[in-house]
Each structure stands twice: as structure tokens, then as C-alpha cells.
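Engineer: My questions will all concern the structure given below.
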Amino acid sequence: MEYASRYISANRIYHRFLEWGDTGKPPVIMMHATGLSAHSWLPIAEGLATGYHVLALDQRGHGDTDLSDVGYSFELVGQDLAAVIKALELPSVRIVGHSSGGLATLIAAHLTPGKITQACLVETRVGERPANAPPGELQDRARRTRQKRMVWESREAMQGAYRQRAAFKDWDLRAYQAFTEGGSRLLSDGRAELKCPPEVEALFYEKRESLQVTPFFRGLTGRFLLLLGSYPEAQTPSDTGVQRFLSEVDYSEAKPMGMGSHFLPMEHPAEVLREIKAFFDSED
């Protein structure tokens, strides 16, 4: 299924989003994780678009959305999502958020009571700090991210190198190709440049440990489904943060998927799509 590439002005910057499906169907906004882009959702968005009007948003500083002149924070991305919902004049909307995209969803839902009727959060760490993350792990990740190569001699060279890395080796091929093509731009000399500067990605990792998530649980009125991967550092329903989320958000549930890493939607798009559709369709 073909998609359209569009822009909208909200919260003082231009946001790019990809659009699939019939505009007369119920809207769904998809929010990617830090360091990724709207294209990462391609296999799931196409399947979801058979019954919904799907819009996958590039976060500020990612993809083809503007860089930020006021810094970067999870709160700003949540404000961006709330502003995009308003700018699109959506009376209500469903959201799918992966990792930090889920955090933005929680913040936007807190800021716009009643607007987000359902949200599927995939591998979103709902505790005050990432589950099972050792002290200093996020700072170390930020340091490593700043060392990332920004420009490659070709997109093929970048794709080949990334595919060998542990984080990407199990990705579905279409999701991987969409990520590398949508997350880079070709320069005039044929080289490939990352669209998300490593400094932007690193800043989000640094700020995650100090982010207080639970204040945004207050006032949430929609239904929330949290999908959990299966790996040594994964959240479980018994984690303190997940338990607090389930107790403070009235219509919420957590479901271990029994598969996948933190990149669950890119590794197992068919299974994640099935869960999203079942969740959203249950409300119709």
C-alpha cells in the first residue's frame, strides 16, 4: 500500500508524517522510538491501514521533522503530539507508541484529556527509570551514540554495517530496509547521511533517567495496552513501574509477548499488528 508524505505546523515547528488509508476511517497516530523514524512502522502501518486512517509521525529532530531550537526533551515530544492532534482537528484518536513514542503518548494523553481513546504502548518503560537498567547505563549509551558515524560512503554500506549489529540483526527485512532508507538522506556525491543527528539521540538517552513518568498517569481516561518483549532486561507485569501504571490508570493492561527485544515491533511486526488490531477493534 502506498503512503503519502505530508507536513503540518504544530508547536512552532514543521512535523513530517506518513499517511496511509482512507481519511474517512478512524484515525491512528504512530510514534516511533528515539533514533528511529516514521518509516520504521511501515509493515505494521500498512496492515493497520486496512481498517484505519494511519499517520506515522517523525519526532522533532528525527526523520524529516524540523530540528529543535529550544532543546530536546520527552515533555516537548509529548507537547508536539498534543499539538499535532489539535492541528489536525481530530476530535479523538488512537495512538501506537514504541518506547519513547509511548512516553510521548502518555504525556499527550495527560495534556489532552479525553482526546486519546486508546493507546497501545510497545516496549515503553513506564517506570521512573528503565527497568533493570544498571546505574550509568543510559549515560554510557549516550556516550556511545555520540560516536556514531553520521555519513557513510553509500546507503548500501550503512545498511550492511548496521545489519551486523546486535540491535538490528533480528529485524524483519522490510522494517529494516524502511528504517535505513527513511532514516538517511542521500547527498549529492552519493554518500548517505543519518537524518537524526547522534547528538539529538544522545540527549534523549541522557534525559531518560531523570524523567518522572508517573505524574503523567493522572487524568488518563482512555484505554491503554502495554506490550512487553522477552529478554533479560525486559519489563514484566510484576515490575514496580508496571504495577503502578496498572493501578493508577483505570483502563490499562500489560501483556508479555513472549518474544522479541526492545525492538519488538520491528522484529515481529505481524504479531504486534495482530495485538494492535485486536485491541483497537475491541472498541468498535
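Convention: chains lettered A, B, ... in C-alpha cells order; per-chain residue numbering from 1; ligands numbered from 1 as shown.
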With only C-alpha atoms as the counted atoms, please give the residues lying no more than 9 Å from Arg146 of chain A, apart from itself and same-chain residues fewer than 6 positions off, as number ranges by chain.
Structural biologist: A: 197-202
Engineer: Which polymer residues have any atom within 8 Å of an atom of Ala82 of chain A, counting only C-alpha atoms, with same-chain residues fewer than 6 positions away left out, as a short mmCIF file (atom, residue, chain, number, x, y, z; two decimals) with N, CA and C atoms, in the first residue's frame?
Structural biologist:
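Dumped everything to out.cif:
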```cif
data_model
loop_
_atom_site.label_atom_id
_atom_site.label_comp_id
_atom_site.auth_asym_id
_atom_site.auth_seq_id
_atom_site.Cartn_x
_atom_site.Cartn_y
_atom_site.Cartn_z
N ALA A 108 1.04 13.29 26.12
CA ALA A 108 -0.01 13.93 25.32
C ALA A 108 -1.40 13.60 25.86
N ALA A 109 -1.60 12.36 26.30
CA ALA A 109 -2.89 11.98 26.87
C ALA A 109 -3.18 12.75 28.15
N LEU A 111 -2.08 15.75 28.73
CA LEU A 111 -2.30 17.15 28.35
C LEU A 111 -3.62 17.37 27.63
N THR A 112 -4.19 16.31 27.06
CA THR A 112 -5.42 16.44 26.26
C THR A 112 -6.47 15.45 26.75
#
```
Engineer: Show me, as a PDB file with N, CA and C atoms, in the first residue's frame, the residues that have an atom within 6 Å of segment 18-29 of chain A when counting only C-alpha atoms, minus same-chain residues fewer than 2 positions from it.
Structural biologist:
```
ATOM      1  N   TYR A   3       1.983   5.190   0.528  1.00  0.00           N
ATOM      2  CA  TYR A   3       1.738   6.200   1.539  1.00  0.00           C
ATOM      3  C   TYR A   3       2.005   7.578   0.951  1.00  0.00           C
ATOM      4  N   ALA A   4       1.427   8.591   1.578  1.00  0.00           N
ATOM      5  CA  ALA A   4       1.689   9.980   1.215  1.00  0.00           C
ATOM      6  C   ALA A   4       2.568  10.608   2.281  1.00  0.00           C
ATOM      7  N   SER A   5       3.447  11.526   1.886  1.00  0.00           N
ATOM      8  CA  SER A   5       4.304  12.244   2.814  1.00  0.00           C
ATOM      9  C   SER A   5       3.768  13.666   2.962  1.00  0.00           C
ATOM     10  N   ALA A  49      -3.708  -0.004   8.126  1.00  0.00           N
ATOM     11  CA  ALA A  49      -4.436   0.920   7.248  1.00  0.00           C
ATOM     12  C   ALA A  49      -5.612   0.258   6.533  1.00  0.00           C
ATOM     13  N   TYR A  52      -8.039   1.503   9.282  1.00  0.00           N
ATOM     14  CA  TYR A  52      -7.856   2.784   9.961  1.00  0.00           C
ATOM     15  C   TYR A  52      -7.129   3.772   9.038  1.00  0.00           C
ATOM     16  N   HIS A  53      -7.278   5.048   9.353  1.00  0.00           N
ATOM     17  CA  HIS A  53      -6.524   6.106   8.694  1.00  0.00           C
ATOM     18  C   HIS A  53      -5.254   6.312   9.522  1.00  0.00           C
ATOM     19  N   VAL A  54      -4.114   5.916   8.985  1.00  0.00           N
ATOM     20  CA  VAL A  54      -2.879   5.831   9.754  1.00  0.00           C
ATOM     21  C   VAL A  54      -1.943   6.986   9.419  1.00  0.00           C
ATOM     22  N   LEU A  55      -1.422   7.624  10.466  1.00  0.00           N
ATOM     23  CA  LEU A  55      -0.461   8.705  10.310  1.00  0.00           C
ATOM     24  C   LEU A  55       0.737   8.403  11.206  1.00  0.00           C
ATOM     25  N   ALA A  56       1.911   8.200  10.607  1.00  0.00           N
ATOM     26  CA  ALA A  56       3.137   7.923  11.354  1.00  0.00           C
ATOM     27  C   ALA A  56       3.977   9.194  11.392  1.00  0.00           C
ATOM     28  N   VAL A  93      -8.651  10.150  18.896  1.00  0.00           N
ATOM     29  CA  VAL A  93      -7.638   9.444  18.112  1.00  0.00           C
ATOM     30  C   VAL A  93      -7.125   8.256  18.910  1.00  0.00           C
ATOM     31  N   ARG A  94      -6.660   7.244  18.197  1.00  0.00           N
ATOM     32  CA  ARG A  94      -5.935   6.128  18.779  1.00  0.00           C
ATOM     33  C   ARG A  94      -4.446   6.343  18.509  1.00  0.00           C
ATOM     34  N   ILE A  95      -3.595   5.841  19.410  1.00  0.00           N
ATOM     35  CA  ILE A  95      -2.149   6.027  19.263  1.00  0.00           C
ATOM     36  C   ILE A  95      -1.444   4.685  19.419  1.00  0.00           C
TER      37      ILE A  95
END
```
Engineer: Name the residues of segment 39-284 of chain A that fall into helix (DSSP H, G or I) according to DSSP on the backbone, using the chain letters and numbers of this document, as an MDAnalysis selection string.
Structural biologist: chainID A and resid 39:48 74:87 100:111 137:146 155:163 173:182 198:208 214:217 240:248 264:267 269:281
Engineer: Would you pick out the contacts of segment 9-12 of chain A at 9 Å or less, using only C-alpha atoms, so that residues sharing its chain but fewer than 3 positions from it are not included, and give the list as a list of chain:residue names?
Structural biologist: A:His15, A:Arg16, A:Leu76, A:Gln79, A:Asp80, A:Leu81, A:Ala82, A:Ala83, A:Val84, A:Ile85, A:Lys86, A:Ala87
Engineer: Pull N, CA, C and O atoms from the residues just selected and write them as a tab-separated table (two decimals), in the first residue's frame.
Structural biologist:
```tsv
chain	number	residue	atom	x	y	z
A	15	HIS	N	6.24	19.36	11.32
A	15	HIS	CA	6.33	17.93	11.55
A	15	HIS	C	6.00	17.20	10.25
A	15	HIS	O	5.00	17.50	9.60
A	16	ARG	N	6.83	16.23	9.90
A	16	ARG	CA	6.52	15.39	8.74
A	16	ARG	C	5.83	14.13	9.24
A	16	ARG	O	6.21	13.54	10.25
A	76	LEU	N	8.70	17.79	25.59
A	76	LEU	CA	8.48	18.53	24.34
A	76	LEU	C	7.85	17.65	23.27
A	76	LEU	O	6.95	18.08	22.54
A	79	GLN	N	4.29	17.28	24.06
A	79	GLN	CA	3.59	18.51	23.68
A	79	GLN	C	3.40	18.58	22.17
A	79	GLN	O	2.36	19.04	21.69
A	80	ASP	N	4.41	18.12	21.42
A	80	ASP	CA	4.30	18.09	19.96
A	80	ASP	C	3.12	17.21	19.54
A	80	ASP	O	2.32	17.61	18.67
A	81	LEU	N	3.02	16.03	20.12
A	81	LEU	CA	1.92	15.12	19.76
A	81	LEU	C	0.58	15.75	20.09
A	81	LEU	O	-0.35	15.70	19.26
A	82	ALA	N	0.46	16.36	21.25
A	82	ALA	CA	-0.80	17.03	21.61
A	82	ALA	C	-1.11	18.15	20.62
A	82	ALA	O	-2.27	18.32	20.20
A	83	ALA	N	-0.08	18.89	20.20
A	83	ALA	CA	-0.29	20.00	19.26
A	83	ALA	C	-0.67	19.49	17.88
A	83	ALA	O	-1.48	20.11	17.18
A	84	VAL	N	-0.08	18.37	17.45
A	84	VAL	CA	-0.42	17.78	16.15
A	84	VAL	C	-1.88	17.31	16.14
A	84	VAL	O	-2.61	17.53	15.17
A	85	ILE	N	-2.30	16.67	17.23
A	85	ILE	CA	-3.70	16.24	17.32
A	85	ILE	C	-4.64	17.43	17.19
A	85	ILE	O	-5.64	17.38	16.48
A	86	LYS	N	-4.28	18.54	17.84
A	86	LYS	CA	-5.10	19.75	17.75
A	86	LYS	C	-5.07	20.34	16.34
A	86	LYS	O	-6.11	20.72	15.80
A	87	ALA	N	-3.87	20.40	15.74
A	87	ALA	CA	-3.74	20.99	14.41
A	87	ALA	C	-4.49	20.18	13.36
A	87	ALA	O	-5.01	20.73	12.38
```
Engineer: Check the smallest atom-to-atom distance from each of A:Leu48, A:Leu67, A:Leu57, A:Leu220 to Met31 of chain A using only C-alpha atoms, then report the winner.
Structural biologist: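 Nearest to Met31 of chain A: A:Leu57.
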Engineer: How many Å lie between atom CA of Met266 of chain A and atom CA of Leu246 of chain A, rounded to one decimal?
Structural biologist: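 Value for the atom CA of Met266 of chain A-atom CA of Leu246 of chain A distance: 25.4 Å.
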Engineer: Name the closest residue to Leu103 of chain A among the candidates A:Gln177, A:Thr145, A:Thr214, A:Thr240; distances are taken between atoms, counting only C-alpha atoms.
Structural biologist: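 Selected residue with least distance to Leu103 of chain A: A:Thr214.
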Engineer: Which residues are close to Ala157 of chain A, i.e. within 12 Å by only C-alpha atoms, leaving aside same-chain residues fewer than 4 positions away? Reply as a PyMOL selection string.
Structural biologist: chain A and resi 149+151-153+161-164+180+190-193
Engineer: Please provide as a list in words all residues within 6 Å of segment 120-123 of chain A, with the sequence filter that same-chain residues fewer than 4 positions apart are discarded (counting only C-alpha atoms).
Structural biologist: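 Surrounding residues, per the criterion: Val96, Gly97, His98, Ser99, Gly102, Phe224, Leu225, Leu226, Leu227, Leu228 and His262 of chain A.
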Engineer: For a test of reading the model, state the distance in Å between atom CA of Arg174 of chain A and atom CA of Ser282 of chain A, rounded to one decimal.
Structural biologist: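 Atom-to-atom, atom CA of Arg174 of chain A and atom CA of Ser282 of chain A are spaced 28.0 Å apart.
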Engineer: Would you give me, as a PyMOL selection string, the residues in segment 40-245 of chain A that DSSP reads as strand (DSSP E or B)?
Structural biologist: chain A and resi 53-57+93-98+116-122+151-152+184-186+192-194+223-228
Engineer: Let's have the selection written as a CSV table (one decimal), in the first residue's frame, with N, CA, C and O atoms.
Structural biologist:
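Listed below is the output, result26.csv:
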```csv
chain,number,residue,atom,x,y,z
A,53,HIS,N,-7.3,5.0,9.4
A,53,HIS,CA,-6.5,6.1,8.7
A,53,HIS,C,-5.3,6.3,9.5
A,53,HIS,O,-5.3,6.8,10.6
A,54,VAL,N,-4.1,5.9,9.0
A,54,VAL,CA,-2.9,5.8,9.8
A,54,VAL,C,-1.9,7.0,9.4
A,54,VAL,O,-1.7,7.3,8.2
A,55,LEU,N,-1.4,7.6,10.5
A,55,LEU,CA,-0.5,8.7,10.3
A,55,LEU,C,0.7,8.4,11.2
A,55,LEU,O,0.6,8.3,12.4
A,56,ALA,N,1.9,8.2,10.6
A,56,ALA,CA,3.1,7.9,11.4
A,56,ALA,C,4.0,9.2,11.4
A,56,ALA,O,4.4,9.7,10.4
A,57,LEU,N,4.3,9.7,12.6
A,57,LEU,CA,4.9,11.0,12.8
A,57,LEU,C,6.4,10.8,13.0
A,57,LEU,O,6.8,10.0,13.8
A,93,VAL,N,-8.7,10.1,18.9
A,93,VAL,CA,-7.6,9.4,18.1
A,93,VAL,C,-7.1,8.3,18.9
A,93,VAL,O,-7.1,8.2,20.1
A,94,ARG,N,-6.7,7.2,18.2
A,94,ARG,CA,-5.9,6.1,18.8
A,94,ARG,C,-4.4,6.3,18.5
A,94,ARG,O,-4.1,6.9,17.5
A,95,ILE,N,-3.6,5.8,19.4
A,95,ILE,CA,-2.1,6.0,19.3
A,95,ILE,C,-1.4,4.7,19.4
A,95,ILE,O,-1.8,3.9,20.2
A,96,VAL,N,-0.4,4.5,18.6
A,96,VAL,CA,0.6,3.4,18.9
A,96,VAL,C,1.9,4.1,19.1
A,96,VAL,O,2.4,4.9,18.3
A,97,GLY,N,2.5,3.7,20.2
A,97,GLY,CA,3.8,4.3,20.6
A,97,GLY,C,4.8,3.3,21.0
A,97,GLY,O,4.6,2.4,21.8
A,98,HIS,N,6.0,3.3,20.3
A,98,HIS,CA,7.1,2.4,20.7
A,98,HIS,C,8.1,3.1,21.5
A,98,HIS,O,8.6,4.2,21.2
A,116,ILE,N,-7.3,11.0,23.5
A,116,ILE,CA,-6.8,9.7,23.1
A,116,ILE,C,-7.6,8.7,23.7
A,116,ILE,O,-7.6,8.5,25.0
A,117,THR,N,-8.4,8.0,22.9
A,117,THR,CA,-9.3,7.0,23.4
A,117,THR,C,-8.7,5.6,23.7
A,117,THR,O,-9.1,4.9,24.6
A,118,GLN,N,-7.7,5.3,22.9
A,118,GLN,CA,-7.0,4.0,23.1
A,118,GLN,C,-5.5,4.3,22.7
A,118,GLN,O,-5.2,5.0,21.8
A,119,ALA,N,-4.6,3.6,23.4
A,119,ALA,CA,-3.2,3.7,23.1
A,119,ALA,C,-2.6,2.3,23.4
A,119,ALA,O,-2.7,1.7,24.4
A,120,CYS,N,-1.8,1.9,22.4
A,120,CYS,CA,-1.0,0.7,22.5
A,120,CYS,C,0.4,1.1,22.7
A,120,CYS,O,1.0,1.7,21.7
A,121,LEU,N,1.0,0.8,23.8
A,121,LEU,CA,2.4,1.2,24.1
A,121,LEU,C,3.2,0.0,24.0
A,121,LEU,O,3.0,-1.0,24.7
A,122,VAL,N,4.2,0.0,23.1
A,122,VAL,CA,5.0,-1.2,22.8
A,122,VAL,C,6.4,-1.0,23.4
A,122,VAL,O,7.1,0.0,23.0
A,151,VAL,N,28.0,10.0,8.5
A,151,VAL,CA,28.0,9.9,7.0
A,151,VAL,C,28.7,8.7,6.6
A,151,VAL,O,29.8,8.4,7.1
A,152,TRP,N,28.0,8.0,5.6
A,152,TRP,CA,28.6,6.7,5.1
A,152,TRP,C,28.9,6.9,3.6
A,152,TRP,O,28.2,7.7,2.9
A,184,SER,N,17.8,8.0,6.6
A,184,SER,CA,19.0,8.6,6.0
A,184,SER,C,18.6,9.3,4.7
A,184,SER,O,17.6,9.1,4.1
A,185,ARG,N,19.5,10.2,4.3
A,185,ARG,CA,19.3,11.0,3.1
A,185,ARG,C,20.5,10.8,2.2
A,185,ARG,O,21.7,10.8,2.7
A,186,LEU,N,20.3,10.8,0.9
A,186,LEU,CA,21.5,10.7,0.0
A,186,LEU,C,22.0,12.1,-0.3
A,186,LEU,O,21.2,13.0,-0.7
A,192,ALA,N,25.6,8.7,2.1
A,192,ALA,CA,24.3,8.6,2.9
A,192,ALA,C,24.6,9.3,4.3
A,192,ALA,O,25.6,8.9,4.9
A,193,GLU,N,23.7,10.2,4.7
A,193,GLU,CA,23.8,10.9,5.9
A,193,GLU,C,22.6,10.5,6.8
A,193,GLU,O,21.5,10.5,6.4
A,194,LEU,N,22.8,10.2,8.1
A,194,LEU,CA,21.8,10.0,9.0
A,194,LEU,C,20.9,11.2,9.2
A,194,LEU,O,21.4,12.4,9.3
A,223,ARG,N,-8.2,3.9,27.2
A,223,ARG,CA,-7.7,2.5,27.4
A,223,ARG,C,-6.3,2.3,26.9
A,223,ARG,O,-6.0,2.8,25.9
A,224,PHE,N,-5.5,1.7,27.7
A,224,PHE,CA,-4.1,1.5,27.4
A,224,PHE,C,-3.7,0.1,27.5
A,224,PHE,O,-4.0,-0.7,28.4
A,225,LEU,N,-2.9,-0.4,26.5
A,225,LEU,CA,-2.4,-1.7,26.4
A,225,LEU,C,-0.9,-1.6,26.3
A,225,LEU,O,-0.3,-0.9,25.4
A,226,LEU,N,-0.1,-2.2,27.2
A,226,LEU,CA,1.3,-2.2,27.2
A,226,LEU,C,1.8,-3.6,26.8
A,226,LEU,O,1.6,-4.6,27.5
A,227,LEU,N,2.5,-3.6,25.6
A,227,LEU,CA,3.1,-4.9,25.1
A,227,LEU,C,4.5,-5.0,25.5
A,227,LEU,O,5.3,-4.0,25.3
A,228,LEU,N,4.9,-6.1,26.1
A,228,LEU,CA,6.2,-6.3,26.7
A,228,LEU,C,7.0,-7.4,25.9
A,228,LEU,O,6.5,-8.5,25.6
```
